[in-house]
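J.: Input file: input34.txt. Contents: compact mmCIF, C-alpha atoms.
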# COMPACT_ATOMS: atom_id res chain seq x y z
CA MET A 261 -165.22 107.40 131.05
CA GLU A 262 -166.70 105.97 127.86
CA THR A 263 -164.19 108.01 125.90
CA ILE A 264 -161.36 106.65 127.97
CA ARG A 265 -162.55 103.10 127.49
CA ALA A 266 -162.72 103.65 123.75
CA CYS A 267 -159.18 105.06 123.78
CA VAL A 268 -157.91 102.08 125.74
CA VAL A 269 -159.47 99.76 123.17
CA VAL A 270 -157.78 101.71 120.38
CA VAL A 271 -154.41 101.53 122.14
CA ALA A 272 -154.85 97.80 122.75
CA ALA A 273 -155.63 97.29 119.07
CA MET A 274 -152.53 99.25 118.07
CA VAL A 275 -150.38 97.03 120.25
CA ALA A 276 -152.04 93.78 119.14
CA ALA A 277 -151.88 94.27 115.37
CA PRO A 278 -150.13 96.70 113.08
CA ALA A 279 -152.51 98.97 111.22
CA TRP A 280 -152.28 97.35 107.78
CA ALA A 281 -153.71 99.51 105.07
CA GLU A 282 -154.63 96.61 102.80
CA ARG A 283 -154.94 92.84 102.75
CA PRO A 284 -153.32 90.44 100.27
CA ALA A 285 -156.76 89.51 98.90
CA ASP A 286 -157.38 93.17 98.03
CA PHE A 287 -154.51 93.08 95.55
CA LEU A 288 -155.68 89.84 93.99
CA GLN A 289 -159.14 91.35 93.54
CA ARG A 290 -157.76 94.62 92.18
CA PHE A 291 -155.45 93.06 89.57
CA GLU A 292 -158.08 90.51 88.58
CA ALA A 293 -160.66 93.25 88.02
CA GLU A 294 -158.13 95.25 86.01
CA ALA A 295 -157.25 92.21 83.88
CA ARG A 296 -160.95 91.66 83.12
CA GLY A 297 -160.92 95.01 81.39
CA ALA A 298 -158.87 93.37 78.64
CA ASP A 299 -160.31 89.86 78.93
CA ALA A 300 -163.75 89.54 80.51
CA ALA A 301 -163.24 85.81 81.14
CA PHE A 302 -159.95 86.27 83.02
CA SER A 303 -159.58 84.41 86.29
CA ALA A 304 -156.31 84.45 88.25
CA SER A 305 -154.43 81.15 88.41
CA ALA A 306 -151.90 80.32 91.12
CA GLU A 307 -150.47 77.54 88.93
CA ARG A 308 -149.94 79.92 86.03
CA GLY A 309 -148.42 82.38 88.51
CA ARG A 310 -145.99 79.73 89.76
CA ASN A 311 -144.80 78.92 86.25
CA TRP A 312 -144.42 82.58 85.42
CA PHE A 313 -142.52 83.23 88.68
CA GLU A 314 -140.04 80.45 87.89
CA SER A 315 -139.56 81.27 84.19
CA ARG A 316 -137.21 83.63 82.50
CA HIS A 317 -138.83 86.09 80.15
CA GLY A 318 -136.19 86.72 77.52
CA ARG A 319 -133.61 88.04 79.96
CA ASP A 320 -131.11 86.69 82.47
CA TRP A 321 -133.33 86.58 85.53
CA SER A 322 -136.61 85.07 86.65
CA CYS A 323 -138.41 86.19 89.80
CA SER A 324 -137.08 83.05 91.43
CA THR A 325 -133.47 84.01 90.67
CA CYS A 326 -133.55 86.21 93.78
CA HIS A 327 -136.72 85.04 95.55
CA THR A 328 -136.15 81.26 95.06
CA LYS A 329 -138.91 79.02 93.76
CA ASP A 330 -140.41 78.75 97.24
CA PRO A 331 -142.15 81.95 98.39
CA ALA A 332 -142.12 80.59 101.95
CA VAL A 333 -138.37 80.90 102.32
CA SER A 334 -135.90 83.79 102.27
CA GLY A 335 -134.24 84.71 99.02
CA ARG A 336 -131.01 86.46 98.19
CA HIS A 337 -130.33 89.40 95.92
CA GLU A 338 -128.43 88.10 92.89
CA VAL A 339 -126.14 91.12 92.71
CA THR A 340 -125.62 92.30 96.27
CA GLY A 341 -126.09 89.02 98.15
CA LYS A 342 -128.43 90.69 100.65
CA SER A 343 -131.08 88.46 102.18
CA ILE A 344 -134.68 89.03 101.00
CA ASP A 345 -137.53 88.11 103.33
CA PRO A 346 -140.04 85.50 102.14
CA MET A 347 -142.64 86.68 99.60
CA ALA A 348 -145.60 84.62 100.83
CA PRO A 349 -147.97 86.75 102.93
CA GLY A 350 -148.86 83.62 104.91
CA ILE A 351 -145.26 83.52 106.18
CA ASN A 352 -144.28 87.18 106.06
CA ALA A 353 -147.12 89.41 107.26
CA GLU A 354 -145.57 92.50 105.64
CA ARG A 355 -146.11 91.22 102.10
CA LEU A 356 -149.03 92.51 100.00
CA ARG A 357 -150.04 95.09 102.58
CA SER A 358 -149.18 98.42 100.99
CA ALA A 359 -150.29 99.64 97.57
CA ARG A 360 -147.24 101.89 97.40
CA GLN A 361 -144.84 99.01 98.03
CA VAL A 362 -146.62 96.57 95.73
CA SER A 363 -146.68 99.09 92.91
CA LYS A 364 -143.04 100.10 93.42
CA TRP A 365 -141.66 96.57 93.45
CA PHE A 366 -143.73 95.29 90.54
CA ARG A 367 -142.59 98.29 88.50
CA ARG A 368 -138.90 97.83 89.27
CA ASN A 369 -138.68 94.06 89.26
CA CYS A 370 -140.80 93.58 86.14
CA ARG A 371 -138.49 95.92 84.27
CA ASP A 372 -135.51 93.88 85.48
CA VAL A 373 -137.01 90.49 84.66
CA LEU A 374 -139.15 91.24 81.59
CA GLY A 375 -137.79 94.55 80.35
CA ARG A 376 -141.25 96.08 80.65
CA GLU A 377 -144.02 96.61 83.20
CA CYS A 378 -146.13 93.57 84.06
CA SER A 379 -149.70 93.25 82.85
CA ALA A 380 -152.57 93.16 85.34
CA ALA A 381 -153.13 89.49 84.43
CA GLU A 382 -149.50 88.62 85.23
CA LYS A 383 -149.74 90.45 88.54
CA ALA A 384 -153.03 88.75 89.42
CA ASP A 385 -151.55 85.30 88.72
CA VAL A 386 -148.39 85.89 90.71
CA VAL A 387 -150.30 87.36 93.65
CA ALA A 388 -152.58 84.30 93.57
CA TRP A 389 -149.46 82.11 93.66
CA LEU A 390 -147.88 84.00 96.57
CA ILE A 391 -151.09 83.74 98.57
CA ALA A 392 -151.56 80.05 97.74
CA ALA A 393 -147.91 79.10 98.21
CA ALA A 394 -148.04 79.12 101.99
CA PRO A 395 -150.99 78.96 104.33
CA SER A 396 -151.52 81.92 106.60
CA THR A 397 -149.95 81.34 109.99
CA GLY A 398 -151.76 83.96 111.95
CA ASP A 399 -154.09 86.85 112.38
CA GLY A 400 -153.82 90.14 110.56
CA GLN A 401 -156.47 89.19 108.04
CA MET B 38 -160.52 109.25 136.32
CA LYS B 39 -157.18 111.04 136.76
CA ALA B 40 -155.52 107.67 137.21
CA ALA B 41 -157.12 106.27 134.11
CA THR B 42 -156.00 109.26 132.06
CA ALA B 43 -152.47 108.93 133.39
CA LEU B 44 -152.45 105.23 132.59
CA LEU B 45 -153.63 105.96 129.07
CA ALA B 46 -150.92 108.56 128.57
CA LEU B 47 -148.34 106.13 129.87
CA SER B 48 -149.44 103.33 127.58
CA LEU B 49 -149.48 105.66 124.58
CA ALA B 50 -145.97 106.78 125.43
CA ALA B 51 -144.86 103.17 125.76
CA VAL B 52 -146.32 102.31 122.35
CA ALA B 53 -144.71 105.35 120.73
CA SER B 54 -141.35 104.57 122.27
CA ALA B 55 -141.50 100.90 121.27
CA MET B 56 -142.31 101.93 117.70
CA ALA B 57 -139.57 104.53 117.57
CA SER B 58 -136.88 102.23 118.88
CA GLY B 59 -137.78 99.34 116.63
CA GLY B 60 -138.65 96.91 119.38
CA GLY B 61 -136.60 98.16 122.27
CA GLN B 62 -133.14 98.07 120.65
CA ARG B 63 -131.14 101.08 121.68
CA ASP B 64 -128.08 102.45 120.02
CA ASP B 65 -126.48 103.86 123.15
CA ASP B 66 -123.66 101.37 122.83
CA GLU B 67 -122.70 102.85 119.48
CA ARG B 68 -119.19 104.22 119.73
CA GLY B 69 -120.28 107.63 118.71
CA ARG B 70 -119.32 107.81 115.05
CA ALA B 71 -122.30 107.02 112.87
CA ALA B 72 -125.21 109.41 113.00
CA ALA B 73 -128.60 107.72 112.86
CA LEU B 74 -129.54 107.07 109.24
CA ASP B 75 -132.58 108.81 107.83
CA PRO B 76 -135.57 106.39 107.96
CA THR B 77 -136.74 107.23 104.42
CA TYR B 78 -133.23 106.65 103.11
CA VAL B 79 -133.03 103.32 104.93
CA GLU B 80 -136.41 102.18 103.65
CA GLU B 81 -135.85 103.15 100.02
CA CYS B 82 -132.13 102.48 99.67
CA GLY B 83 -131.66 99.72 102.21
CA ALA B 84 -133.88 97.05 100.65
CA CYS B 85 -131.55 95.48 98.07
CA HIS B 86 -128.33 96.45 99.82
CA VAL B 87 -127.32 97.96 103.12
CA ALA B 88 -128.15 101.66 103.40
CA TYR B 89 -124.58 102.80 102.87
CA PRO B 90 -123.19 105.57 105.09
CA PRO B 91 -123.75 108.80 103.09
CA GLU B 92 -120.34 110.15 104.07
CA LEU B 93 -118.60 107.51 101.96
CA LEU B 94 -119.33 109.36 98.70
CA SER B 95 -119.01 113.02 97.72
CA ARG B 96 -121.95 115.23 96.82
CA ASP B 97 -121.06 114.91 93.13
CA SER B 98 -121.04 111.13 93.36
CA TRP B 99 -124.44 111.05 95.10
CA THR B 100 -125.90 113.41 92.51
CA ALA B 101 -124.75 111.01 89.80
CA VAL B 102 -126.13 107.96 91.62
CA VAL B 103 -129.54 109.48 92.35
CA GLY B 104 -129.72 110.85 88.80
CA GLN B 105 -129.74 107.38 87.27
CA LEU B 106 -131.74 105.18 89.64
CA GLY B 107 -133.67 103.75 86.69
CA ARG B 108 -130.41 102.06 85.65
CA HIS B 109 -128.77 101.43 88.99
CA PHE B 110 -125.87 99.03 88.39
CA GLY B 111 -128.00 97.02 85.99
CA VAL B 112 -131.12 97.05 88.15
CA ASP B 113 -134.19 99.30 88.10
CA ALA B 114 -134.20 101.18 91.41
CA SER B 115 -136.43 104.02 90.24
CA LEU B 116 -138.21 106.22 92.76
CA ASP B 117 -140.94 108.77 92.24
CA THR B 118 -139.66 112.31 91.82
CA ALA B 119 -140.59 113.58 95.27
CA LEU B 120 -138.93 110.68 97.09
CA ALA B 121 -135.80 110.91 94.95
CA ALA B 122 -135.56 114.63 95.75
CA GLU B 123 -136.02 114.02 99.47
CA ILE B 124 -133.34 111.36 99.53
CA ASN B 125 -130.97 113.41 97.43
CA ALA B 126 -131.32 116.33 99.84
CA TYR B 127 -130.41 114.04 102.72
CA LEU B 128 -127.42 112.60 100.85
CA GLN B 129 -126.17 116.04 99.84
CA ALA B 130 -126.34 117.20 103.46
CA GLN B 131 -124.51 114.13 104.78
CA ALA B 132 -122.06 113.51 101.92
CA GLY B 133 -118.35 113.20 102.51
CA VAL B 134 -116.15 116.28 102.15
CA TYR B 135 -113.48 114.65 99.98
CA ALA B 136 -113.88 114.14 96.24
CA THR B 137 -114.63 110.58 95.19
CA ASP B 138 -113.67 110.84 91.53
CA ASP B 139 -112.06 108.43 89.11
CA SER B 140 -108.71 109.11 87.46
CA GLU B 141 -110.41 111.23 84.82
CA GLY B 142 -112.18 113.40 87.35
CA GLN B 143 -115.59 111.83 86.85
CA PRO B 144 -117.56 111.12 90.06
CA LEU B 145 -117.37 107.46 91.10
CA LEU B 146 -120.68 105.68 91.58
CA ARG B 147 -119.36 102.80 93.63
CA ILE B 148 -118.12 103.22 97.20
CA THR B 149 -116.08 100.06 96.65
CA GLU B 150 -114.02 101.85 93.97
CA THR B 151 -112.99 104.74 96.18
CA ASP B 152 -109.39 104.97 97.37
CA TRP B 153 -110.56 104.80 100.96
CA PHE B 154 -112.50 101.56 100.47
CA ARG B 155 -109.70 99.87 98.55
CA HIS B 156 -107.17 100.79 101.20
CA ALA B 157 -109.31 99.83 104.19
CA HIS B 158 -110.27 96.50 102.59
CA ARG B 159 -106.93 95.39 101.14
CA PRO B 160 -105.92 91.75 101.67
CA GLY B 161 -104.31 91.28 105.04
CA GLU B 162 -106.18 94.16 106.65
CA ASP B 163 -108.29 93.05 109.64
CA GLY B 164 -108.10 89.41 108.61
CA LEU B 165 -109.21 89.98 105.02
CA TYR B 166 -107.92 87.41 102.58
CA ARG B 167 -107.70 87.48 98.80
CA GLY B 168 -110.94 86.30 97.23
CA VAL B 169 -113.08 86.99 100.30
CA PHE B 170 -115.44 89.22 98.30
CA ASP B 171 -116.09 86.45 95.79
CA SER B 172 -116.72 83.80 98.43
CA GLU B 173 -120.17 82.25 98.62
CA ALA B 174 -120.86 83.85 102.00
CA VAL B 175 -120.00 87.37 100.86
CA ARG B 176 -120.47 87.32 97.09
CA SER B 177 -119.88 91.05 96.59
CA PRO B 178 -117.87 93.82 98.27
CA SER B 179 -121.14 95.74 98.42
CA ASN B 180 -122.54 93.16 100.85
CA CYS B 181 -121.28 95.04 103.94
CA GLY B 182 -123.46 93.05 106.32
CA ALA B 183 -121.68 89.80 105.46
CA CYS B 184 -118.78 90.91 107.71
CA HIS B 185 -119.95 94.10 109.45
CA LEU B 186 -122.57 92.73 111.81
CA GLY B 187 -124.01 96.17 112.60
CA ALA B 188 -124.06 97.45 109.02
CA ALA B 189 -127.85 97.58 108.84
CA ARG B 190 -127.74 100.06 111.72
CA GLY B 191 -124.87 102.05 110.26
CA ARG B 192 -122.27 100.49 112.57
CA TYR B 193 -118.90 99.52 111.19
CA GLY B 194 -116.73 99.45 114.32
CA GLU B 195 -113.84 96.98 114.44
CA ASP B 196 -115.44 95.15 117.35
CA GLU B 197 -118.36 94.22 115.11
CA ILE B 198 -116.47 92.59 112.26
CA ARG B 199 -116.67 88.87 111.66
CA ILE B 200 -115.20 87.64 108.41
CA PRO B 201 -116.92 84.46 107.26
Go ahead and render the structure in this file as structure tokens.
T.:
Amino acid sequence: METIRACVVVVAAMVAAPAWAERPADFLQRFEAEARGADAAFSASAERGRNWFESRHGRDWSCSTCHTKDPAVSGRHEVTGKSIDPMAPGINAERLRSARQVSKWFRRNCRDVLGRECSAAEKADVVAWLIAAAPSTGDGQ
Amino acid sequence: MKAATALLALSLAAVASAMASGGGQRDDDERGRAAALDPTYVEECGACHVAYPPELLSRDSWTAVVGQLGRHFGVDASLDTALAAEINAYLQAQAGVYATDDSEGQPLLRITETDWFRHAHRPGEDGLYRGVFDSEAVRSPSNCGACHLGAARGRYGEDEIRIP
């Protein structure tokens, strides 16, 4: 009976909340720690992240070209026109939840926007901005 | 005890079924043409654009597309080797049977440049007007979902077209 009760609890938990592998704060911590390898005094800055997100970096696009300047709203792919869900984890609970996704999209989009991979410091700042840009609306933390 | 076990099995089945059907949507009303798209293909190739029906390009065309994902129409769409191979296998298996080559016999990379697409989307056809693909609401002929309401689910039937 104990086993059954435990199973029921597990099932209830599965229904209540998706099994997120990671939390947004994990990525902030990870990139910040990595950036401190190059600069021991580094501390992520949401304000710096916002500026960086809105700026072009020697090419045609900024992050905000497709994602807009407001991470709380939907963006639109510059080439295909397809809608892109909001980037702020406080609005879109799927953001900053999977190391595979975070790594894939930073790799691709940084190459498109900067022509190179992003540094850990740049990633830490932009993650800080995405987290700060919109307050969390729910559970899942 | 028996009842509790049965209840547990039922609730597990319900959870599994809800997950599999993406929240209870069923595709029974589909008019039979489009096979369900591969979930990996949809996840990896359906983020920036609709996951295009694999049968709209030939095997040669898909080989060319998957072979240059790092420079995918001006955008980096690179995948790790294992994922690219898995997706290519799916595309090869589902590819169209007719060649989709350009006039010099090179495989086309764009579905929108194939003879079929140009013919099916010519001005006047199904309410299409000149300039519709450049309109603010559509922006690109690759934005299938702007008019084909079921494009994300692989559905392109005439009863699901709404031209903005």
J.: What's the separation between CA of Arg308 (chain A) and CA of Ile344 (chain A), in Å to one decimal place?
T.: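 If I compute the distance from CA of Arg308 (chain A) to CA of Ile344 (chain A), I get 23.2 Å.
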J.: Counting only C-alpha atoms, which of B:Cys85, B:Asp138, B:Ala101, B:Gly182 gets nearest to Cys326 (chain A)?
T.: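 The closest residue to Cys326 (chain A) is B:Cys85.
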J.: Within 6 Å of chain A, which residues of chain B are there when counting all atoms listed in the file? Please give them as a CSV table (one decimal) with C-alpha atoms, keeping the file's coordinate frame.
T.:
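Final output, iface_3.csv:
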chain,number,residue,atom,x,y,z
B,86,HIS,CA,-128.3,96.4,99.8
B,113,ASP,CA,-134.2,99.3,88.1
B,176,ARG,CA,-120.5,87.3,97.1
B,177,SER,CA,-119.9,91.0,96.6
B,180,ASN,CA,-122.5,93.2,100.8
J.: May I have the residues within 9 Å of Leu106 (chain B) as a CSV table (one decimal) with C-alpha atoms, keeping the file's coordinate frame, using all atoms listed in the file and disregarding those fewer than 5 positions away in the same chain?
T.:
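New file result.csv:
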chain,number,residue,atom,x,y,z
B,112,VAL,CA,-131.1,97.0,88.2
B,113,ASP,CA,-134.2,99.3,88.1
B,114,ALA,CA,-134.2,101.2,91.4
B,115,SER,CA,-136.4,104.0,90.2
B,116,LEU,CA,-138.2,106.2,92.8
B,121,ALA,CA,-135.8,110.9,95.0
J.: Would you list the residues near (-131.8, 109.4, 98.5), meaning any protein, DNA or RNA residue with an atom at most 9 Å from that point in file coordinates, counting all atoms listed in the file, as an MDAnalysis selection string?
T.: chainID B and resid 77:79 81:82 99 103 120:129
J.: Grab the CA of Glu382 (chain A) to CA of Phe110 (chain B) distance for me, in Å with one decimal place.
T.: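 Going from CA of Glu382 (chain A) over to CA of Phe110 (chain B) covers 26.0 Å.
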J.: So what do you get for CA of Thr118 (chain B) versus CA of Thr325 (chain A), distance-wise?
T.: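 Between these atoms lies a distance of 29.0 Å.
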